[in-house]
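Undergrad: One file: structure38.pdb (PDB, C-alpha atoms).
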ATOM      1  CA  MET A  20       6.241  46.435  43.975
ATOM      2  CA  ASN A  21       3.055  47.366  42.156
ATOM      3  CA  ARG A  22       2.088  46.254  38.675
ATOM      4  CA  ILE A  23       3.404  49.370  36.931
ATOM      5  CA  GLY A  24       6.751  49.046  38.683
ATOM      6  CA  PHE A  25       6.881  45.413  37.625
ATOM      7  CA  TRP A  26       6.243  46.279  33.980
ATOM      8  CA  ILE A  27       8.986  48.902  34.027
ATOM      9  CA  ALA A  28      11.517  46.608  35.712
ATOM     10  CA  ARG A  29      10.631  43.797  33.321
ATOM     11  CA  ALA A  30      10.941  46.002  30.227
ATOM     12  CA  LEU A  31      14.319  47.329  31.376
ATOM     13  CA  ARG A  32      15.504  43.864  32.500
ATOM     14  CA  GLU A  33      16.256  45.231  35.958
ATOM     15  CA  ASP A  34      16.696  42.002  37.862
ATOM     16  CA  ALA A  35      17.627  43.851  41.028
ATOM     17  CA  ARG A  36      14.121  45.335  41.117
ATOM     18  CA  LEU A  37      12.447  42.032  40.221
ATOM     19  CA  ALA A  38      14.428  40.005  42.769
ATOM     20  CA  PRO A  39      12.258  40.938  45.804
ATOM     21  CA  LEU A  40       9.355  39.115  44.135
ATOM     22  CA  SER A  41      11.333  35.865  44.361
ATOM     23  CA  VAL A  42      12.008  33.592  47.284
ATOM     24  CA  PRO A  43      15.761  33.088  47.816
ATOM     25  CA  GLN A  44      17.365  30.231  45.910
ATOM     26  CA  ALA A  45      18.504  28.814  49.249
ATOM     27  CA  GLU A  46      14.861  28.409  50.272
ATOM     28  CA  VAL A  47      14.086  26.438  47.109
ATOM     29  CA  LEU A  48      17.100  24.183  47.601
ATOM     30  CA  ALA A  49      16.253  23.648  51.272
ATOM     31  CA  ALA A  50      12.772  22.429  50.340
ATOM     32  CA  TRP A  51      14.346  19.586  48.363
ATOM     33  CA  ARG A  52      16.874  18.508  50.999
ATOM     34  CA  GLY A  53      16.670  14.763  51.635
ATOM     35  CA  ALA A  54      13.759  14.375  49.204
ATOM     36  CA  ARG A  55      13.128  12.215  46.174
ATOM     37  CA  ILE A  56      12.458  14.453  43.179
ATOM     38  CA  ALA A  57      10.766  13.527  39.904
ATOM     39  CA  LEU A  58      11.701  15.949  37.120
ATOM     40  CA  VAL A  59       9.361  15.367  34.196
ATOM     41  CA  GLY A  60      10.497  16.414  30.736
ATOM     42  CA  ASN A  61       8.280  16.722  27.685
ATOM     43  CA  ALA A  62       9.706  14.078  25.343
ATOM     44  CA  ARG A  63       6.973  12.611  23.145
ATOM     45  CA  ALA A  64       8.241   9.125  23.857
ATOM     46  CA  LEU A  65       7.158   9.381  27.502
ATOM     47  CA  ALA A  66       3.526   9.176  26.318
ATOM     48  CA  GLY A  67       4.152   5.574  25.313
ATOM     49  CA  THR A  68       5.199   4.509  28.805
ATOM     50  CA  ARG A  69       3.472   3.705  32.090
ATOM     51  CA  ARG A  70       5.624   5.866  34.370
ATOM     52  CA  GLY A  71       2.775   7.753  36.020
ATOM     53  CA  THR A  72       2.760   5.802  39.272
ATOM     54  CA  GLU A  73       6.544   6.194  39.649
ATOM     55  CA  ILE A  74       6.286   9.921  38.990
ATOM     56  CA  ASP A  75       3.525  10.464  41.529
ATOM     57  CA  ALA A  76       5.438   8.434  44.143
ATOM     58  CA  ALA A  77       8.129  11.127  44.411
ATOM     59  CA  ASP A  78       8.212  13.594  47.297
ATOM     60  CA  HIS A  79       8.244  16.476  44.797
ATOM     61  CA  VAL A  80       7.109  16.389  41.164
ATOM     62  CA  ILE A  81       8.526  19.145  38.966
ATOM     63  CA  ARG A  82       7.176  19.707  35.466
ATOM     64  CA  ILE A  83       8.389  21.936  32.667
ATOM     65  CA  ASN A  84       6.782  24.738  30.641
ATOM     66  CA  ARG A  85       3.345  23.737  29.310
ATOM     67  CA  ALA A  86       3.688  20.393  31.084
ATOM     68  CA  PRO A  87       1.639  18.282  28.664
ATOM     69  CA  MET A  88       0.092  15.304  30.444
ATOM     70  CA  PRO A  89      -1.722  13.234  27.817
ATOM     71  CA  ASP A  90      -2.404  10.283  30.108
ATOM     72  CA  VAL A  91      -2.282   9.580  33.823
ATOM     73  CA  ALA A  92      -0.667   6.203  33.125
ATOM     74  CA  SER A  93       2.359   7.774  31.456
ATOM     75  CA  HIS A  94       2.630  11.133  33.205
ATOM     76  CA  GLY A  95       0.967  10.900  36.597
ATOM     77  CA  THR A  96      -1.159  13.650  38.091
ATOM     78  CA  ARG A  97       0.843  15.787  40.513
ATOM     79  CA  THR A  98       2.625  19.064  39.848
ATOM     80  CA  ASP A  99       4.347  20.418  42.936
ATOM     81  CA  ALA A 100       6.523  22.881  41.034
ATOM     82  CA  LEU A 101       6.421  24.226  37.490
ATOM     83  CA  ALA A 102       9.609  25.426  35.797
ATOM     84  CA  LEU A 103       8.713  27.988  33.144
ATOM     85  CA  ALA A 104      10.476  29.684  30.246
ATOM     86  CA  THR A 105       7.358  30.522  28.288
ATOM     87  CA  ARG A 106       4.044  32.262  28.842
ATOM     88  CA  LEU A 107       1.345  29.948  30.111
ATOM     89  CA  ALA A 108      -2.388  30.448  29.804
ATOM     90  CA  PRO A 109      -3.947  31.233  33.197
ATOM     91  CA  ALA A 110      -6.376  28.340  32.767
ATOM     92  CA  ARG A 111      -3.499  25.907  32.283
ATOM     93  CA  LEU A 112      -1.689  27.254  35.319
ATOM     94  CA  ALA A 113      -4.872  26.830  37.331
ATOM     95  CA  ASP A 114      -5.259  23.248  36.089
ATOM     96  CA  LEU A 115      -1.723  22.341  37.124
ATOM     97  CA  SER A 116      -2.041  24.218  40.419
ATOM     98  CA  PRO A 117       1.667  24.049  41.354
ATOM     99  CA  ALA A 118       2.717  25.022  44.848
ATOM    100  CA  ARG A 119       5.665  26.897  43.321
ATOM    101  CA  VAL A 120       6.202  28.515  39.935
ATOM    102  CA  MET A 121       9.824  28.943  38.857
ATOM    103  CA  TRP A 122      10.747  31.394  36.103
ATOM    104  CA  MET A 123      13.913  29.974  34.564
ATOM    105  CA  SER A 124      14.292  32.024  31.374
ATOM    106  CA  PRO A 125      16.548  35.081  31.136
ATOM    107  CA  LYS A 126      13.857  36.585  28.888
ATOM    108  CA  ARG A 127      12.154  38.591  31.591
ATOM    109  CA  LYS A 128       9.753  40.247  29.137
ATOM    110  CA  ARG A 129       7.866  36.955  28.917
ATOM    111  CA  LEU A 130       7.289  36.907  32.664
ATOM    112  CA  THR A 131       3.753  37.911  33.588
ATOM    113  CA  TRP A 132       2.530  39.726  36.675
ATOM    114  CA  ALA A 133       0.200  36.823  37.454
ATOM    115  CA  VAL A 134       3.116  34.382  37.547
ATOM    116  CA  ALA A 135       5.503  36.703  39.396
ATOM    117  CA  THR A 136       3.010  37.224  42.202
ATOM    118  CA  THR A 137       2.174  33.569  42.845
ATOM    119  CA  PRO A 138       3.011  32.392  46.384
ATOM    120  CA  GLY A 139       6.537  30.981  46.579
ATOM    121  CA  PHE A 140       7.540  32.399  43.180
ATOM    122  CA  TYR A 141      11.195  31.818  42.211
ATOM    123  CA  LEU A 142      13.214  33.851  39.697
ATOM    124  CA  HIS A 143      16.269  31.959  38.424
ATOM    125  CA  PRO A 144      19.391  34.150  38.512
ATOM    126  CA  ARG A 145      20.769  35.285  35.181
ATOM    127  CA  ALA A 146      24.277  34.410  36.379
ATOM    128  CA  ASP A 147      23.288  30.741  36.773
ATOM    129  CA  TYR A 148      21.834  30.704  33.260
ATOM    130  CA  ASP A 149      24.967  32.317  31.815
ATOM    131  CA  ALA A 150      27.275  29.845  33.567
ATOM    132  CA  LEU A 151      25.375  26.841  32.198
ATOM    133  CA  LYS A 152      25.201  28.400  28.733
ATOM    134  CA  ALA A 153      28.987  28.771  28.744
ATOM    135  CA  ARG A 154      29.407  25.155  29.856
ATOM    136  CA  LEU A 155      27.135  23.812  27.105
ATOM    137  CA  GLY A 156      28.172  26.253  24.396
ATOM    138  CA  ALA A 157      24.505  27.037  23.682
ATOM    139  CA  PRO A 158      21.416  28.336  25.476
ATOM    140  CA  PRO A 159      20.301  25.639  27.937
ATOM    141  CA  THR A 160      16.826  24.138  27.883
ATOM    142  CA  THR A 161      14.541  24.606  30.863
ATOM    143  CA  GLY A 162      15.146  20.957  31.716
ATOM    144  CA  ALA A 163      18.910  21.449  31.742
ATOM    145  CA  MET A 164      18.596  24.466  34.020
ATOM    146  CA  MET A 165      16.496  22.435  36.421
ATOM    147  CA  ILE A 166      18.973  19.550  36.403
ATOM    148  CA  ASP A 167      21.778  22.016  37.127
ATOM    149  CA  LEU A 168      19.803  23.505  40.013
ATOM    150  CA  LEU A 169      18.878  20.091  41.422
ATOM    151  CA  ALA A 170      22.534  19.019  41.276
ATOM    152  CA  ARG A 171      23.275  21.816  43.753
ATOM    153  CA  SER A 172      20.504  20.724  46.087
ATOM    154  CA  GLY A 173      20.614  18.227  48.892
ATOM    155  CA  ALA A 174      18.005  16.012  47.224
ATOM    156  CA  ALA A 175      18.384  12.347  48.104
ATOM    157  CA  ARG A 176      17.440  11.185  44.602
ATOM    158  CA  VAL A 177      16.474  12.805  41.293
ATOM    159  CA  ASP A 178      14.506  10.727  38.786
ATOM    160  CA  LEU A 179      14.512  12.100  35.244
ATOM    161  CA  PHE A 180      11.464  11.133  33.197
ATOM    162  CA  GLY A 181      10.678  12.259  29.665
ATOM    163  CA  PHE A 182      14.221  13.223  28.706
ATOM    164  CA  ASP A 183      15.622  11.949  25.410
ATOM    165  CA  PHE A 184      17.301  15.165  24.273
ATOM    166  CA  PHE A 185      14.795  15.807  21.483
ATOM    167  CA  ALA A 186      15.214  12.373  19.887
ATOM    168  CA  SER A 187      11.425  11.913  19.875
ATOM    169  CA  LEU A 188      10.713  15.682  19.703
ATOM    170  CA  SER A 189       8.482  17.394  22.260
ATOM    171  CA  LEU A 190       4.900  16.953  23.330
ATOM    172  CA  SER A 191       4.737  20.750  23.645
ATOM    173  CA  GLY A 192       4.878  21.515  19.912
ATOM    174  CA  ARG A 193       5.945  20.562  16.419
ATOM    175  CA  ARG A 194       9.347  22.207  16.286
ATOM    176  CA  GLN A 195      12.359  20.281  15.014
ATOM    177  CA  ALA A 196      15.816  20.452  16.556
ATOM    178  CA  ALA A 197      16.899  22.954  13.897
ATOM    179  CA  ASP A 198      14.104  25.293  14.994
ATOM    180  CA  VAL A 199      15.396  25.777  18.537
ATOM    181  CA  PRO A 200      18.680  27.296  19.775
ATOM    182  CA  HIS A 201      19.710  24.443  22.053
ATOM    183  CA  ASP A 202      22.547  21.940  21.587
ATOM    184  CA  PHE A 203      20.881  18.666  22.536
ATOM    185  CA  GLY A 204      24.038  16.660  21.929
ATOM    186  CA  ALA A 205      25.961  18.806  24.382
ATOM    187  CA  GLU A 206      23.146  18.530  26.928
ATOM    188  CA  ALA A 207      23.038  14.746  26.571
ATOM    189  CA  THR A 208      26.804  14.487  27.107
ATOM    190  CA  TRP A 209      26.627  16.802  30.124
ATOM    191  CA  VAL A 210      23.715  14.915  31.716
ATOM    192  CA  HIS A 211      25.309  11.500  31.187
ATOM    193  CA  THR A 212      28.544  12.798  32.716
ATOM    194  CA  LEU A 213      26.603  14.120  35.702
ATOM    195  CA  ILE A 214      24.859  10.773  36.156
ATOM    196  CA  ALA A 215      28.223   8.982  36.097
ATOM    197  CA  GLN A 216      29.528  11.320  38.796
ATOM    198  CA  ASP A 217      26.405  11.720  40.932
ATOM    199  CA  SER A 218      24.548   8.511  41.786
ATOM    200  CA  ARG A 219      21.493  10.451  42.952
ATOM    201  CA  PHE A 220      20.498  11.062  39.322
ATOM    202  CA  ILE A 221      18.641   8.345  37.419
ATOM    203  CA  LEU A 222      17.631   8.769  33.767
ATOM    204  CA  HIS A 223      14.627   6.564  33.061
ATOM    205  CA  PRO A 224      14.201   5.136  29.545
ATOM    206  CA  ASN A 225      11.118   6.177  27.601
ATOM    207  CA  GLY A 226      10.481   2.749  26.193
TER
END
Once you've parsed the file, please lay out its structure as structure tokens.
TA:
Amino acid sequence: MNRIGFWIARALREDARLAPLSVPQAEVLAAWRGARIALVGNARALAGTRRGTEIDAADHVIRINRAPMPDVASHGTRTDALALATRLAPARLADLSPARVMWMSPKRKRLTWAVATTPGFYLHPRADYDALKARLGAPPTTGAMMIDLLARSGAARVDLFGFDFFASLSLSGRRQAADVPHDFGAEATWVHTLIAQDSRFILHPNG
């Protein structure tokens, strides 16, 4: 697909035409099989911790959206994969230098050509987003989509850092809970239920 074809497919939300740009979901899941994963959320409270060494010790470190990293001590240094639902400045993407960029949002018009043509690019299926939205009763956050995807992987362990379901707000901006369409209470209940059922998942406190 050339750039013009991409723009047309993106504008018309033609996922079938965008899909060839993406590696298969099975390939993404296979890369995590047997691995320890650190999924790093953007809760402000994480900045007050010293979790960086634990984060960097994982086999794969996955960060979310703008992936703010105010301090190595709290956030570590590595970014093996970046899960996106927003446009990201090219300079920031270059700084993070992820081995894989994952476009999680159903809003395809936000997807850029530069992101869609990165090696190992992954486009999250709209059907997966819709299923999780129905389960939560609200549009899922990027973090929730990643947790849902990781739950279907063969990962040996998934450590969740920087998740407090907006209790301390986000390092990515100044928005309040009322300013976003997510149901953080429903996500918290869903994640805690998952943790109770799947011992691979560990939610680390931000204090």
Undergrad: Could you tell me which of A:Ala196, A:Ala175, A:Ala186, A:Val134 comes closest to Arg22 of chain A if we count all atoms listed in the file?
TA: A:Val134
Undergrad: Name the residues in contact with segment 37-44 of chain A at a cut-off of 8 Å, using only C-alpha atoms, excluding same-chain residues fewer than 6 positions from it; report them as a VMD selection string.
TA: chain A and resid 20 25 28 to 29 135 to 136 139 to 143
Undergrad: Would you output that residue set with C-alpha atoms, as a PDB file, keeping the file's coordinate frame?
TA:
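Dumped everything to out.pdb:
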ATOM      1  CA  MET A  20       6.241  46.435  43.975  1.00  0.00           C
ATOM      2  CA  PHE A  25       6.881  45.413  37.625  1.00  0.00           C
ATOM      3  CA  ALA A  28      11.517  46.608  35.712  1.00  0.00           C
ATOM      4  CA  ARG A  29      10.631  43.797  33.321  1.00  0.00           C
ATOM      5  CA  ALA A 135       5.503  36.703  39.396  1.00  0.00           C
ATOM      6  CA  THR A 136       3.010  37.224  42.202  1.00  0.00           C
ATOM      7  CA  GLY A 139       6.537  30.981  46.579  1.00  0.00           C
ATOM      8  CA  PHE A 140       7.540  32.399  43.180  1.00  0.00           C
ATOM      9  CA  TYR A 141      11.195  31.818  42.211  1.00  0.00           C
ATOM     10  CA  LEU A 142      13.214  33.851  39.697  1.00  0.00           C
ATOM     11  CA  HIS A 143      16.269  31.959  38.424  1.00  0.00           C
TER      12      HIS A 143
END
Undergrad: Once the PyMOL selection byres ((chain A and resi 224) around 8) is applied to the coordinates I shared, what remains selected? I want it as a count of residues only.
TA: 6
Undergrad: Return as JSON lines the residues of segment 65-177 of chain A lying at most 12 Å from segment 198-221 of chain A, together with the closest atom-to-atom pair for each and the distance in Å to one decimal, counting all atoms listed in the file, with rows in chain order and ascending residue number.
TA:
{"residue": "A:Leu151", "atom": "CA", "partner": "A:Glu206", "partner_atom": "CA", "distance": 10.1}
{"residue": "A:Lys152", "atom": "CA", "partner": "A:His201", "partner_atom": "CA", "distance": 9.5}
{"residue": "A:Ala153", "atom": "CA", "partner": "A:Ala205", "partner_atom": "CA", "distance": 11.3}
{"residue": "A:Arg154", "atom": "CA", "partner": "A:Trp209", "partner_atom": "CA", "distance": 8.8}
{"residue": "A:Leu155", "atom": "CA", "partner": "A:Ala205", "partner_atom": "CA", "distance": 5.8}
{"residue": "A:Gly156", "atom": "CA", "partner": "A:Asp202", "partner_atom": "CA", "distance": 7.6}
{"residue": "A:Ala157", "atom": "CA", "partner": "A:His201", "partner_atom": "CA", "distance": 5.7}
{"residue": "A:Pro158", "atom": "CA", "partner": "A:His201", "partner_atom": "CA", "distance": 5.5}
{"residue": "A:Pro159", "atom": "CA", "partner": "A:His201", "partner_atom": "CA", "distance": 6.0}
{"residue": "A:Thr160", "atom": "CA", "partner": "A:His201", "partner_atom": "CA", "distance": 6.5}
{"residue": "A:Thr161", "atom": "CA", "partner": "A:His201", "partner_atom": "CA", "distance": 10.2}
{"residue": "A:Gly162", "atom": "CA", "partner": "A:Glu206", "partner_atom": "CA", "distance": 9.6}
{"residue": "A:Ala163", "atom": "CA", "partner": "A:Glu206", "partner_atom": "CA", "distance": 7.0}
{"residue": "A:Met164", "atom": "CA", "partner": "A:Glu206", "partner_atom": "CA", "distance": 10.3}
{"residue": "A:Met165", "atom": "CA", "partner": "A:Val210", "partner_atom": "CA", "distance": 11.4}
{"residue": "A:Ile166", "atom": "CA", "partner": "A:Val210", "partner_atom": "CA", "distance": 8.1}
{"residue": "A:Asp167", "atom": "CA", "partner": "A:Val210", "partner_atom": "CA", "distance": 9.1}
{"residue": "A:Leu169", "atom": "CA", "partner": "A:Phe220", "partner_atom": "CA", "distance": 9.4}
{"residue": "A:Ala170", "atom": "CA", "partner": "A:Asp217", "partner_atom": "CA", "distance": 8.3}
{"residue": "A:Arg171", "atom": "CA", "partner": "A:Asp217", "partner_atom": "CA", "distance": 10.9}
{"residue": "A:Ser172", "atom": "CA", "partner": "A:Arg219", "partner_atom": "CA", "distance": 10.8}
{"residue": "A:Gly173", "atom": "CA", "partner": "A:Arg219", "partner_atom": "CA", "distance": 9.8}
{"residue": "A:Ala174", "atom": "CA", "partner": "A:Arg219", "partner_atom": "CA", "distance": 7.8}
{"residue": "A:Ala175", "atom": "CA", "partner": "A:Arg219", "partner_atom": "CA", "distance": 6.3}
{"residue": "A:Arg176", "atom": "CA", "partner": "A:Arg219", "partner_atom": "CA", "distance": 4.4}
{"residue": "A:Val177", "atom": "CA", "partner": "A:Phe220", "partner_atom": "CA", "distance": 4.8}
Undergrad: Kindly give the distance, in Å, that separates atom CA of Ser93 of chain A and atom CA of Pro117 of chain A, rounded to a single decimal.
TA: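 Result for atom CA of Ser93 of chain A versus atom CA of Pro117 of chain A: 19.1 Å, one decimal.
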Undergrad: Do you have the atom CA of Ser191 of chain A-atom CA of Ala30 of chain A distance handy?
TA: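 A separation of 26.8 Å between them.
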Undergrad: Exactly which residues make up the result of the PyMOL selection byres ((chain A and resi 54-57) around 7) on this file, given as a list in words?
TA: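 For this structure, the PyMOL selection byres ((chain A and resi 54-57) around 7) resolves to Trp51, Arg52, Gly53, Leu58, Val59, Ile74, Ala77, Asp78, His79, Val80, Ile81, Ala174, Ala175, Arg176, Val177, Asp178 and Leu179 of chain A.
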Undergrad: Using the chain letters and numbering of this document, enumerate as a PyMOL selection string the residues selected by the PyMOL selection byres ((chain A and resi 89) around 10).
TA: chain A and resi 63+65-67+86-88+90-95+190
Undergrad: Find the residue from A:Phe185, A:Asp147, A:Arg82, A:Leu103 that sits nearest to Leu130 of chain A; use all atoms listed in the file when measuring.
TA: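 Of A:Phe185, A:Asp147, A:Arg82, A:Leu103, the one nearest Leu130 of chain A, counting all atoms listed in the file, is A:Leu103.
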Undergrad: Have a look at atom CA of Asp34 of chain A and atom CA of Met121 of chain A and let me know their distance in Å, one decimal.
TA: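 Computing it gives 14.8 Å between the two atoms.
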Undergrad: Given the choices A:Arg70, A:Lys126, A:Arg119, A:Arg145, which gets closest to Thr96 of chain A if the distance is worked out from all atoms listed in the file?
TA: A:Arg70
